[in-house]
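Report on the structure given below.
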Amino acid sequence: MSGTAHPGRSSGDAAVRAPRRRAANRTGMAAGLLLTPFFALFTVAMLIPIGYAIWLSLFTQKLSGLGFGGPRDVFDGLGNYADTLGDAAFRHGFRVLGGYVLFYIPIMVGGALALALLLDTALARARRFFQLALFLPHAIPGLIAALIWVYLYTPGLSPVVGALHSGGIGLDFFSSNGALPSVVNIAVWEWLGYNVVIFYASLQAVDRSLLEAAAVDGAGNWRLALSIKLPLIRSSVFLVLLFTVIGSLQLFTEPLLLSNSGSAITSAWTPNMYAYSEAFQLNDYGRAAAASILIALIAAVLSFGVTRIANRKGARA
């Protein structure tokens, strides 16, 4: 009959499920044990500092009514955020950053793509040498790289400036008009080779049979690059674009060193320099924390926007 119970079958199923459950539990425990160091480090290095920055941003230092006892921390709510957003120097830093991005991102992404495609063609010779030569600047710490370029920009010290002047070309890399291109040049020199490596690795993963078939059909190198290679490495292009946008918002070391060399760069030339100046020159840690949180929020919004655009392009493809 259809309503007849099968106790043997249910006990057998339970006997089979029990070892599977124990195996799943052991797998979960092993995964948790392996992930514990990561989450511990992430909490200590990311969550706690972010939480502390948010806490600092809610307080400001004020003197007591009689002026005795020195400044004390007073809860100010969102006052530091309002003061930071209302500060013309903070807003000017984002205008400078906008000009920097307009120069930097096309040169960086376009240059890295062009060099990677050139290395990927059969016309390129000594690929290993050029890969190493392009990547070496990235291996130099940003502080050292900035110091090298400060030397190369300084009149009376730089052989480059001396050669330009002897040829009748007078360039002032520290002027108000030359400061932004000078910083862009340093950043491109530092990061171009890194992005070339990313693009080149993606190009090496492209199915060579597609390229051979297109070549048989008469496609030249330009057609192969624009119609086949670039669409297939679209995800890498957006990844580099995302990293470049985030890195642009973190611009700090290069303009800070140039500002100490008599250039037109001020102490609040970029948003990060503004936060640094508020914290370590003006000792206003609440406003510095608020500026840092605002920069982080803007970076998160831009990253989300770039990711959404990348996902839409990928879905259409």
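Quick note on naming: the chains in the structure tokens go A, B, ... in the order shown, residues restart at 1 in each chain, and ligands are numbered from 1 in order of appearance.
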To test your reading of the structure, identify every residue in range 69-253 of chain A that backbone DSSP assigns to alpha helix (DSSP H), and report it as a VMD selection string. chain A and resid 79 to 86 88 to 120 127 to 139 142 to 153 159 to 166 179 to 204 208 to 216 221 to 223 230 to 232 234 to 249 253
Do you have the CA of Glu254 in chain A-CA of Leu282 in chain A distance handy?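 Distance reported for this atom pair: 21.3 Å.
Using only C-alpha atoms, the residues found no farther than 8 Å from Trp149 in chain A, other than those of its own chain fewer than 4 positions away, are A:Ala145, A:Tyr153, A:Ile186.
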For the residues in the current selection, export N, CA and C atoms as a PDB file, in the first residue's frame.
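Saved the output as out06.pdb:
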```
ATOM      1  N   ALA A 145      60.825  57.843  -5.011  1.00  0.00           N
ATOM      2  CA  ALA A 145      60.532  58.301  -6.372  1.00  0.00           C
ATOM      3  C   ALA A 145      60.252  59.803  -6.398  1.00  0.00           C
ATOM      4  N   TYR A 153      63.420  68.160 -11.038  1.00  0.00           N
ATOM      5  CA  TYR A 153      62.649  69.351 -11.316  1.00  0.00           C
ATOM      6  C   TYR A 153      63.339  70.638 -10.846  1.00  0.00           C
ATOM      7  N   ILE A 186      55.011  62.202 -12.204  1.00  0.00           N
ATOM      8  CA  ILE A 186      55.570  61.310 -11.187  1.00  0.00           C
ATOM      9  C   ILE A 186      54.680  60.084 -11.013  1.00  0.00           C
TER      10      ILE A 186
END
```
Restricting the calculation to only C-alpha atoms, which member of A:Ile228, A:Val101, A:Leu256, A:Val44 is positioned closest to Glu212 in chain A?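 Ranking A:Ile228, A:Val101, A:Leu256, A:Val44 by distance to Glu212 in chain A, first place goes to A:Ile228.
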If you count only C-alpha atoms, which residues fall within 10 Å of Ser292 in chain A, apart from same-chain ones fewer than 3 positions away, as a ChimeraX atom specification? /A:50,53-54,57,271-272,274-276,286-289,295-298
Expected file contents, prior selection, N, CA and C atoms, as a PDB file, in the first residue's frame:
```pdb
ATOM      1  N   ILE A  50      38.806  52.700  11.640  1.00  0.00           N
ATOM      2  CA  ILE A  50      37.672  53.425  11.061  1.00  0.00           C
ATOM      3  C   ILE A  50      36.697  53.848  12.150  1.00  0.00           C
ATOM      4  N   ALA A  53      38.188  56.729  14.027  1.00  0.00           N
ATOM      5  CA  ALA A  53      38.116  57.966  13.240  1.00  0.00           C
ATOM      6  C   ALA A  53      36.705  58.550  13.289  1.00  0.00           C
ATOM      7  N   ILE A  54      35.701  57.706  13.188  1.00  0.00           N
ATOM      8  CA  ILE A  54      34.317  58.193  13.275  1.00  0.00           C
ATOM      9  C   ILE A  54      34.064  58.804  14.650  1.00  0.00           C
ATOM     10  N   SER A  57      35.689  62.180  14.896  1.00  0.00           N
ATOM     11  CA  SER A  57      35.043  63.193  14.071  1.00  0.00           C
ATOM     12  C   SER A  57      33.825  63.816  14.740  1.00  0.00           C
ATOM     13  N   PRO A 271      42.774  66.702  -0.925  1.00  0.00           N
ATOM     14  CA  PRO A 271      42.011  66.393   0.292  1.00  0.00           C
ATOM     15  C   PRO A 271      42.838  65.674   1.354  1.00  0.00           C
ATOM     16  N   ASN A 272      43.699  64.750   0.950  1.00  0.00           N
ATOM     17  CA  ASN A 272      44.528  64.066   1.935  1.00  0.00           C
ATOM     18  C   ASN A 272      45.513  65.016   2.601  1.00  0.00           C
ATOM     19  N   TYR A 274      44.944  68.146   3.059  1.00  0.00           N
ATOM     20  CA  TYR A 274      44.106  68.948   3.958  1.00  0.00           C
ATOM     21  C   TYR A 274      43.929  68.232   5.298  1.00  0.00           C
ATOM     22  N   ALA A 275      43.609  66.931   5.241  1.00  0.00           N
ATOM     23  CA  ALA A 275      43.441  66.166   6.487  1.00  0.00           C
ATOM     24  C   ALA A 275      44.742  66.112   7.280  1.00  0.00           C
ATOM     25  N   TYR A 276      45.851  65.928   6.590  1.00  0.00           N
ATOM     26  CA  TYR A 276      47.157  65.891   7.249  1.00  0.00           C
ATOM     27  C   TYR A 276      47.469  67.229   7.909  1.00  0.00           C
ATOM     28  N   GLY A 286      39.617  66.325  15.260  1.00  0.00           N
ATOM     29  CA  GLY A 286      38.219  66.080  14.923  1.00  0.00           C
ATOM     30  C   GLY A 286      37.908  66.427  13.482  1.00  0.00           C
ATOM     31  N   ARG A 287      38.386  67.594  13.036  1.00  0.00           N
ATOM     32  CA  ARG A 287      38.144  67.981  11.646  1.00  0.00           C
ATOM     33  C   ARG A 287      38.947  67.105  10.689  1.00  0.00           C
ATOM     34  N   ALA A 288      40.173  66.722  11.085  1.00  0.00           N
ATOM     35  CA  ALA A 288      40.968  65.829  10.242  1.00  0.00           C
ATOM     36  C   ALA A 288      40.270  64.478  10.078  1.00  0.00           C
ATOM     37  N   ALA A 289      39.689  63.956  11.175  1.00  0.00           N
ATOM     38  CA  ALA A 289      38.963  62.688  11.088  1.00  0.00           C
ATOM     39  C   ALA A 289      37.731  62.826  10.214  1.00  0.00           C
ATOM     40  N   ILE A 295      36.437  61.672   2.650  1.00  0.00           N
ATOM     41  CA  ILE A 295      37.231  61.158   1.520  1.00  0.00           C
ATOM     42  C   ILE A 295      36.934  59.680   1.298  1.00  0.00           C
ATOM     43  N   ALA A 296      36.838  58.916   2.389  1.00  0.00           N
ATOM     44  CA  ALA A 296      36.544  57.484   2.272  1.00  0.00           C
ATOM     45  C   ALA A 296      35.156  57.257   1.666  1.00  0.00           C
ATOM     46  N   LEU A 297      34.179  58.061   2.066  1.00  0.00           N
ATOM     47  CA  LEU A 297      32.831  57.914   1.513  1.00  0.00           C
ATOM     48  C   LEU A 297      32.810  58.237   0.017  1.00  0.00           C
ATOM     49  N   ILE A 298      33.505  59.291  -0.374  1.00  0.00           N
ATOM     50  CA  ILE A 298      33.565  59.651  -1.798  1.00  0.00           C
ATOM     51  C   ILE A 298      34.259  58.551  -2.594  1.00  0.00           C
TER      52      ILE A 298
END
```
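For the pair CA of Ala187 in chain A and CA of Phe280 in chain A, the interatomic distance is 24.8 Å.
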Looking at only C-alpha atoms, which of A:Ala219, A:Val206, A:Val306, A:Ile265 is the one that sits closest to Leu242 in chain A?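 Comparing A:Ala219, A:Val206, A:Val306, A:Ile265 against Leu242 in chain A, the winner is A:Val306.
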Identify which of the residues A:Phe252, A:Tyr100, A:Asn283, A:Trp222 lies closest to Ala268 in chain A, counting only C-alpha atoms when measuring atom-to-atom distances.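 Using only C-alpha atoms, Ala268 in chain A sits closest to A:Phe252.
Proximity ranking of A:Ala112, A:Ala291, A:Leu157, A:Ala179 relative to Trp269 in chain A places A:Ala179 first, based on only C-alpha atoms.
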